[in-house]
>>> print(open('final_32.txt').read())   # compact mmCIF, C-alpha atoms
# COMPACT_ATOMS: atom_id res chain seq x y z
CA MET A 720 -9.53 79.03 115.05
CA ALA A 721 -7.40 77.27 112.45
CA VAL A 722 -4.16 78.38 114.13
CA GLY A 723 -5.22 76.85 117.44
CA VAL A 724 -5.38 80.06 119.49
CA SER A 725 -8.20 82.41 120.41
CA GLN A 726 -8.78 85.84 118.93
CA PRO A 727 -7.69 87.66 122.13
CA VAL A 728 -4.34 85.88 121.96
CA LEU A 729 -3.84 87.07 118.38
CA TYR A 730 -4.62 90.65 119.38
CA ARG A 731 -2.20 90.42 122.31
CA LEU A 732 0.58 89.14 120.05
CA PHE A 733 0.05 91.34 116.99
CA GLY A 734 -2.06 94.29 118.14
CA ASP A 735 -4.55 94.23 115.27
CA LYS A 736 -5.18 92.75 111.84
CA ARG A 737 -2.56 94.98 110.24
CA GLY A 738 0.01 93.76 112.76
CA LEU A 739 -0.87 90.16 111.95
CA LEU A 740 -0.49 90.79 108.21
CA ASP A 741 2.86 92.47 108.80
CA ALA A 742 4.05 89.46 110.79
CA VAL A 743 3.00 87.10 107.99
CA ALA A 744 4.78 89.27 105.42
CA ASP A 745 7.97 89.34 107.50
CA HIS A 746 7.79 85.57 107.93
CA GLY A 747 7.55 85.35 104.13
CA TYR A 748 10.78 87.32 103.93
CA GLU A 749 12.50 84.80 106.21
CA ARG A 750 11.38 81.99 103.93
CA TYR A 751 12.54 83.91 100.86
CA ALA A 752 15.91 84.74 102.44
CA ALA A 753 16.43 81.09 103.38
CA LEU A 754 15.85 80.04 99.77
CA LYS A 755 18.33 82.68 98.60
CA ALA A 756 20.92 81.51 101.11
CA ALA A 757 20.52 77.94 99.87
CA GLN A 758 21.07 78.95 96.24
CA GLU A 759 24.34 77.56 94.94
CA ARG A 760 27.03 80.21 94.56
CA THR A 761 29.28 79.72 91.54
CA ASP A 762 32.40 81.49 90.32
CA ASP A 763 30.26 83.38 87.79
CA PRO A 764 28.29 86.17 89.51
CA VAL A 765 26.33 86.96 86.35
CA ALA A 766 25.12 83.35 86.17
CA ASP A 767 24.19 83.59 89.85
CA LEU A 768 22.23 86.77 89.09
CA LEU A 769 20.30 85.01 86.32
CA ALA A 770 19.53 82.11 88.66
CA GLY A 771 18.42 84.59 91.30
CA TRP A 772 15.85 86.07 88.91
CA ASP A 773 14.42 82.62 88.19
CA GLY A 774 14.39 81.77 91.89
CA HIS A 775 12.46 84.96 92.66
CA MET A 776 9.87 84.19 90.00
CA ALA A 777 9.53 80.61 91.26
CA PHE A 778 8.88 81.88 94.80
CA ALA A 779 6.14 84.17 93.45
CA ARG A 780 4.49 81.35 91.49
CA GLU A 781 4.58 78.94 94.42
CA ASN A 782 3.40 81.47 97.04
CA PRO A 783 1.10 83.92 95.21
CA ALA A 784 -0.93 85.12 98.22
CA LEU A 785 2.15 85.48 100.43
CA TYR A 786 4.06 87.22 97.63
CA GLN A 787 1.29 89.78 97.17
CA LEU A 788 1.24 90.41 100.91
CA MET A 789 5.00 90.98 100.90
CA PHE A 790 5.22 93.23 97.85
CA THR A 791 1.89 94.98 97.33
CA PRO A 792 1.99 98.34 99.16
CA ARG A 793 -0.45 98.42 102.08
CA PRO A 794 -1.40 101.67 103.88
CA TRP A 795 0.07 101.93 107.38
CA SER A 796 2.07 98.73 106.96
CA ARG A 797 5.13 98.44 109.19
CA SER A 798 6.45 95.31 107.51
CA THR A 799 10.10 95.54 106.46
CA ALA A 800 9.87 92.52 104.14
CA ARG A 801 9.90 94.48 100.88
CA ASP A 802 12.86 96.66 101.86
CA ARG A 803 14.84 93.70 103.19
CA VAL A 804 14.29 91.72 99.99
CA PHE A 805 15.66 94.67 98.03
CA ASP A 806 18.90 94.42 100.01
CA LEU A 807 19.53 90.74 99.15
CA PRO A 808 20.85 90.92 95.54
CA GLU A 809 23.45 93.56 96.32
CA ALA A 810 26.04 90.96 97.36
CA THR A 811 25.82 89.31 93.94
CA LEU A 812 25.79 92.67 92.17
CA VAL A 813 28.91 93.77 94.05
CA ARG A 814 30.58 90.59 92.79
CA CYS A 815 29.46 91.50 89.26
CA ALA A 816 30.93 94.97 89.65
CA ALA A 817 34.23 93.55 90.90
CA THR A 818 34.62 91.63 87.64
CA GLY A 819 33.80 94.69 85.54
CA ALA A 820 30.42 93.27 84.52
CA LEU A 821 28.26 96.12 85.84
CA ARG A 822 27.40 99.35 84.02
CA VAL A 823 25.87 101.06 87.08
CA GLY A 824 26.42 100.94 90.82
CA PRO A 825 25.23 97.80 92.66
CA ARG A 826 22.51 99.69 94.58
CA THR A 827 21.09 101.24 91.42
CA ALA A 828 21.27 97.87 89.67
CA ALA A 829 19.41 96.22 92.56
CA GLN A 830 16.67 98.83 92.39
CA LEU A 831 16.23 98.35 88.65
CA VAL A 832 16.38 94.54 88.69
CA LEU A 833 14.06 94.06 91.64
CA SER A 834 11.55 96.66 90.48
CA ALA A 835 11.29 94.76 87.20
CA THR A 836 11.13 91.36 88.92
CA VAL A 837 8.45 92.38 91.39
CA GLY A 838 6.43 94.13 88.70
CA ILE A 839 6.35 91.17 86.32
CA ALA A 840 5.70 88.72 89.17
CA LEU A 841 2.75 90.71 90.51
CA ASP A 842 1.34 91.04 86.99
CA HIS A 843 1.59 87.28 86.49
CA ILE A 844 -0.28 86.71 89.76
CA ALA A 845 -2.95 89.37 89.26
CA ARG A 846 -3.59 88.90 85.53
CA PRO A 847 -2.58 85.34 84.56
CA ASP A 848 -4.77 85.54 81.45
CA LEU A 849 -2.92 88.60 80.21
CA PHE A 850 0.57 87.55 81.32
CA ASP A 851 0.39 83.88 80.39
CA ASP A 852 3.48 83.80 78.13
CA PRO A 853 6.14 81.82 80.07
CA ALA A 854 8.88 83.59 78.11
CA LEU A 855 7.71 87.05 79.19
CA SER A 856 9.69 86.94 82.43
CA HIS A 857 12.95 86.25 80.60
CA ARG A 858 12.23 88.93 78.01
CA MET A 859 11.84 91.44 80.84
CA ARG A 860 14.96 90.06 82.52
CA ASP A 861 17.03 90.37 79.35
CA ALA A 862 15.82 93.94 78.76
CA VAL A 863 16.79 95.07 82.27
CA PHE A 864 20.06 93.14 82.36
CA SER A 865 21.12 94.63 79.03
CA HIS A 866 21.00 98.01 80.77
CA VAL A 867 22.79 97.10 84.01
CA LEU A 868 25.26 94.46 82.78
CA ALA A 869 28.22 94.87 80.46
CA GLU A 870 28.95 92.18 77.92
CA THR A 871 32.67 92.75 78.44
CA GLY A 872 34.72 94.28 81.20
CA VAL A 873 34.62 97.72 79.58
CA GLN A 874 31.96 99.00 77.20
CA ASP A 875 32.92 101.00 74.14
CA ASP A 876 30.66 103.89 75.16
CA ALA A 877 31.60 103.83 78.85
CA ASP A 878 33.52 106.41 80.82
CA PRO A 879 36.73 104.45 81.54
CA LEU A 880 37.33 106.30 84.83
CA ARG A 881 33.82 105.56 86.08
CA THR A 882 34.11 101.92 84.99
CA ALA A 883 37.40 101.52 86.85
CA ALA A 884 35.97 103.24 89.93
CA LEU A 885 32.96 100.91 89.99
CA ARG A 886 35.22 97.89 89.84
CA LEU A 887 37.68 99.12 92.48
CA HIS A 888 34.86 100.13 94.82
CA ALA A 889 33.35 96.64 94.58
CA GLN A 890 36.70 94.91 95.07
CA LEU A 891 37.39 96.97 98.20
CA LEU A 892 33.97 96.04 99.59
CA LEU A 893 34.62 92.36 98.91
CA SER A 894 38.19 91.94 100.14
CA GLY A 895 39.42 95.22 101.59
CA THR A 896 43.12 96.08 101.62
CA GLU A 897 45.89 96.03 104.19
CA ALA A 898 47.71 98.81 102.36
CA LEU A 899 45.42 101.48 103.85
CA GLU A 900 44.27 102.37 107.34
CA PRO A 901 40.50 101.88 107.92
CA ALA A 902 39.90 105.64 107.81
CA GLU A 903 41.81 105.86 104.51
CA THR A 904 39.76 103.02 103.04
CA THR A 905 36.56 104.77 104.09
CA LEU A 906 37.72 107.99 102.45
CA LEU A 907 38.73 106.17 99.27
CA LEU A 908 35.34 104.47 99.09
CA ARG A 909 33.66 107.85 99.45
CA TRP A 910 35.73 109.30 96.60
CA LEU A 911 34.98 106.30 94.39
CA GLU A 912 31.26 106.67 95.12
CA ARG A 913 31.43 110.28 93.97
CA ILE A 914 33.12 109.24 90.72
CA THR A 915 30.53 106.53 90.05
CA ARG A 916 27.51 108.68 90.92
CA PRO A 917 25.17 109.11 87.92
CA GLY A 918 25.06 112.48 86.22
CA PRO A 919 27.73 115.12 85.63
CA ALA A 920 30.67 115.28 88.00
>>> encode(input="final_32.txt", output="structure tokens")
Amino acid sequence: MAVGVSQPVLYRLFGDKRGLLDAVADHGYERYAALKAAQERTDDPVADLLAGWDGHMAFARENPALYQLMFTPRPWSRSTARDRVFDLPEATLVRCAATGALRVGPRTAAQLVLSATVGIALDHIARPDLFDDPALSHRMRDAVFSHVLAETGVQDDADPLRTAALRLHAQLLLSGTEALEPAETTLLLRWLERITRPGPA
């Protein structure tokens, strides 16, 4: 075989074909995470978020088969690659929230941004004739970012209490505080999460 081992060895290592595909998908995550870790971090988290979008799209273009394996739902798959990728942008989004640049919570923003990124990337791979406009990715990016990002620290139509709670929550996650005991910090974070939760209080 091309990998230099016999079929019985593969079955012993991975169980079956689905196990082998899961292992390949999880290896793809490790490669993706390494690229993310190598991305230069600047003092501007919004600029880092924009660069992260482009880096994600570049990974999809350069590894189309692997990308589809990682992100296309497969019945009975036990791969954690997709879920683990969704956790990666939260650090940058928390930094955005700490500067007042986020309209929604970091987790919600990550879900929106990555759902859009994965969707447009898979469409580019599956239907290159239909999604051949190189500017389409940035048009999707700008549409999603206009919803999750604030142009200024506080939006005119924003709830000022919720905006302040989002920012304080993110700053506590980033740097903590010596003014409170750990249990008090945990309680404060819980209260702030309730204030920032979407919908009526």
>>> closest_residue(input="final_32.txt", among="A:Thr896, A:Arg886, A:Met789, A:Ala820", to="Tyr748 (chain A)", atoms="all atoms listed in the file")
A:Met789
>>> residues_around(input="final_32.txt", residues="Leu868 (chain A)", least_positions_apart="2", cutoff="6 Å", atoms="all atoms listed in the file", output="ChimeraX atom specification")
/A:820-822,864-866
>>> residues_around(input="final_32.txt", residues="region 800-816 of chain A", least_positions_apart="2", cutoff="7 Å", atoms="only C-alpha atoms", output="short mmCIF file (atom, residue, chain, number, x, y, z; two decimals) with C-alpha atoms, in the coordinates of the input")
data_model
loop_
_atom_site.label_atom_id
_atom_site.label_comp_id
_atom_site.auth_asym_id
_atom_site.auth_seq_id
_atom_site.Cartn_x
_atom_site.Cartn_y
_atom_site.Cartn_z
CA ALA A 744 4.78 89.27 105.42
CA ASP A 745 7.97 89.34 107.50
CA TYR A 748 10.78 87.32 103.93
CA PRO A 764 28.29 86.17 89.51
CA VAL A 765 26.33 86.96 86.35
CA LEU A 768 22.23 86.77 89.09
CA MET A 789 5.00 90.98 100.90
CA PHE A 790 5.22 93.23 97.85
CA SER A 798 6.45 95.31 107.51
CA THR A 818 34.62 91.63 87.64
CA GLY A 819 33.80 94.69 85.54
CA ALA A 820 30.42 93.27 84.52
CA LEU A 821 28.26 96.12 85.84
CA PRO A 825 25.23 97.80 92.66
CA ARG A 826 22.51 99.69 94.58
CA ALA A 829 19.41 96.22 92.56
CA LEU A 833 14.06 94.06 91.64
CA LEU A 885 32.96 100.91 89.99
CA ARG A 886 35.22 97.89 89.84
CA ALA A 889 33.35 96.64 94.58
#
>>> closest_residue(input="final_32.txt", among="A:Leu831, A:Leu887, A:Leu788, A:Val743", to="Val863 (chain A)", atoms="only C-alpha atoms")
A:Leu831
>>> axis_aligned_box(input="final_32.txt", around="region 863-868 of chain A", padding_each_side="8 Å", output="JSON")
{"center_x": 21.0, "center_y": 95.6, "center_z": 81.5, "size_x": 24.5, "size_y": 20.9, "size_z": 21.0}
>>> atom_distance(input="final_32.txt", atom1="CA of Leu891 (chain A)", atom2="CA of Leu906 (chain A)")
11.8 Å
>>> atom_distance(input="final_32.txt", atom1="CA of Ala742 (chain A)", atom2="CA of Gly771 (chain A)")
24.7 Å
>>> atom_distance(input="final_32.txt", atom1="CA of Thr882 (chain A)", atom2="CA of Val867 (chain A)")
12.3 Å
>>> closest_residue(input="final_32.txt", among="A:Gln830, A:Gly824, A:Arg860, A:Asn782", to="Ala770 (chain A)", atoms="all atoms listed in the file")
A:Arg860
>>> closest_residue(input="final_32.txt", among="A:His775, A:Asp763, A:His857, A:Arg737", to="Tyr751 (chain A)", atoms="all atoms listed in the file")
A:His775
>>> residues_near_point(input="final_32.txt", point="(32.1, 107.0, 92.5)", cutoff="9 Å", atoms="all atoms listed in the file", output="CSV table (one decimal) with C-alpha atoms, in the coordinates of the input")
chain,number,residue,atom,x,y,z
A,824,GLY,CA,26.4,100.9,90.8
A,881,ARG,CA,33.8,105.6,86.1
A,884,ALA,CA,36.0,103.2,89.9
A,885,LEU,CA,33.0,100.9,90.0
A,888,HIS,CA,34.9,100.1,94.8
A,908,LEU,CA,35.3,104.5,99.1
A,909,ARG,CA,33.7,107.8,99.4
A,910,TRP,CA,35.7,109.3,96.6
A,911,LEU,CA,35.0,106.3,94.4
A,912,GLU,CA,31.3,106.7,95.1
A,913,ARG,CA,31.4,110.3,94.0
A,914,ILE,CA,33.1,109.2,90.7
A,915,THR,CA,30.5,106.5,90.0
A,916,ARG,CA,27.5,108.7,90.9
A,917,PRO,CA,25.2,109.1,87.9
>>> closest_residue(input="final_32.txt", among="A:Asp852, A:Glu900, A:Asp861, A:Glu749", to="Leu769 (chain A)", atoms="all atoms listed in the file")
A:Asp861
>>> residues_around(input="final_32.txt", residues="region 834-847 of chain A", least_positions_apart="5", cutoff="7 Å", atoms="only C-alpha atoms", output="PyMOL selection string")
chain A and resi 776+779+783+787+856
>>> write_last_selection(input="final_32.txt", atoms="C-alpha atoms", output="PDB file, in the frame of the given file")
ATOM      1  CA  MET A 776       9.870  84.190  90.000  1.00  0.00           C
ATOM      2  CA  ALA A 779       6.140  84.170  93.450  1.00  0.00           C
ATOM      3  CA  PRO A 783       1.100  83.920  95.210  1.00  0.00           C
ATOM      4  CA  GLN A 787       1.290  89.780  97.170  1.00  0.00           C
ATOM      5  CA  SER A 856       9.690  86.940  82.430  1.00  0.00           C
TER       6      SER A 856
END
>>> decode(input="final_32.txt", residues="region 761-777 of chain A", atoms="N, CA and C atoms", output="PDB file, in the first residue's frame")
ATOM      1  N   THR A 761      -1.069  40.925  16.224  1.00  0.00           N
ATOM      2  CA  THR A 761      -0.793  42.348  16.285  1.00  0.00           C
ATOM      3  C   THR A 761      -1.515  42.956  17.486  1.00  0.00           C
ATOM      4  N   ASP A 762      -1.400  44.266  17.610  1.00  0.00           N
ATOM      5  CA  ASP A 762      -2.119  44.970  18.673  1.00  0.00           C
ATOM      6  C   ASP A 762      -3.555  45.289  18.275  1.00  0.00           C
ATOM      7  N   ASP A 763      -3.942  44.929  17.064  1.00  0.00           N
ATOM      8  CA  ASP A 763      -5.284  45.204  16.554  1.00  0.00           C
ATOM      9  C   ASP A 763      -6.022  43.884  16.371  1.00  0.00           C
ATOM     10  N   PRO A 764      -6.889  43.497  17.327  1.00  0.00           N
ATOM     11  CA  PRO A 764      -7.562  42.196  17.211  1.00  0.00           C
ATOM     12  C   PRO A 764      -8.498  42.107  16.020  1.00  0.00           C
ATOM     13  N   VAL A 765      -9.070  43.227  15.596  1.00  0.00           N
ATOM     14  CA  VAL A 765      -9.950  43.196  14.420  1.00  0.00           C
ATOM     15  C   VAL A 765      -9.135  42.869  13.169  1.00  0.00           C
ATOM     16  N   ALA A 766      -7.950  43.473  13.043  1.00  0.00           N
ATOM     17  CA  ALA A 766      -7.078  43.145  11.912  1.00  0.00           C
ATOM     18  C   ALA A 766      -6.669  41.677  11.957  1.00  0.00           C
ATOM     19  N   ASP A 767      -6.423  41.157  13.150  1.00  0.00           N
ATOM     20  CA  ASP A 767      -6.078  39.742  13.283  1.00  0.00           C
ATOM     21  C   ASP A 767      -7.253  38.860  12.875  1.00  0.00           C
ATOM     22  N   LEU A 768      -8.470  39.303  13.180  1.00  0.00           N
ATOM     23  CA  LEU A 768      -9.662  38.548  12.791  1.00  0.00           C
ATOM     24  C   LEU A 768      -9.806  38.504  11.271  1.00  0.00           C
ATOM     25  N   LEU A 769      -9.559  39.641  10.611  1.00  0.00           N
ATOM     26  CA  LEU A 769      -9.609  39.683   9.154  1.00  0.00           C
ATOM     27  C   LEU A 769      -8.559  38.755   8.548  1.00  0.00           C
ATOM     28  N   ALA A 770      -7.358  38.778   9.109  1.00  0.00           N
ATOM     29  CA  ALA A 770      -6.298  37.901   8.613  1.00  0.00           C
ATOM     30  C   ALA A 770      -6.644  36.441   8.849  1.00  0.00           C
ATOM     31  N   GLY A 771      -7.324  36.170   9.956  1.00  0.00           N
ATOM     32  CA  GLY A 771      -7.734  34.805  10.247  1.00  0.00           C
ATOM     33  C   GLY A 771      -8.714  34.269   9.225  1.00  0.00           C
ATOM     34  N   TRP A 772      -9.637  35.124   8.771  1.00  0.00           N
ATOM     35  CA  TRP A 772     -10.582  34.717   7.714  1.00  0.00           C
ATOM     36  C   TRP A 772      -9.809  34.332   6.459  1.00  0.00           C
ATOM     37  N   ASP A 773      -8.880  35.189   6.042  1.00  0.00           N
ATOM     38  CA  ASP A 773      -8.115  34.912   4.823  1.00  0.00           C
ATOM     39  C   ASP A 773      -7.265  33.652   4.981  1.00  0.00           C
ATOM     40  N   GLY A 774      -6.714  33.447   6.168  1.00  0.00           N
ATOM     41  CA  GLY A 774      -5.923  32.248   6.408  1.00  0.00           C
ATOM     42  C   GLY A 774      -6.767  30.984   6.322  1.00  0.00           C
ATOM     43  N   HIS A 775      -7.993  31.060   6.827  1.00  0.00           N
ATOM     44  CA  HIS A 775      -8.911  29.917   6.751  1.00  0.00           C
ATOM     45  C   HIS A 775      -9.233  29.590   5.299  1.00  0.00           C
ATOM     46  N   MET A 776      -9.539  30.607   4.511  1.00  0.00           N
ATOM     47  CA  MET A 776      -9.863  30.388   3.103  1.00  0.00           C
ATOM     48  C   MET A 776      -8.655  29.842   2.344  1.00  0.00           C
ATOM     49  N   ALA A 777      -7.465  30.302   2.677  1.00  0.00           N
ATOM     50  CA  ALA A 777      -6.259  29.804   2.011  1.00  0.00           C
ATOM     51  C   ALA A 777      -6.054  28.328   2.324  1.00  0.00           C
TER      52      ALA A 777
END
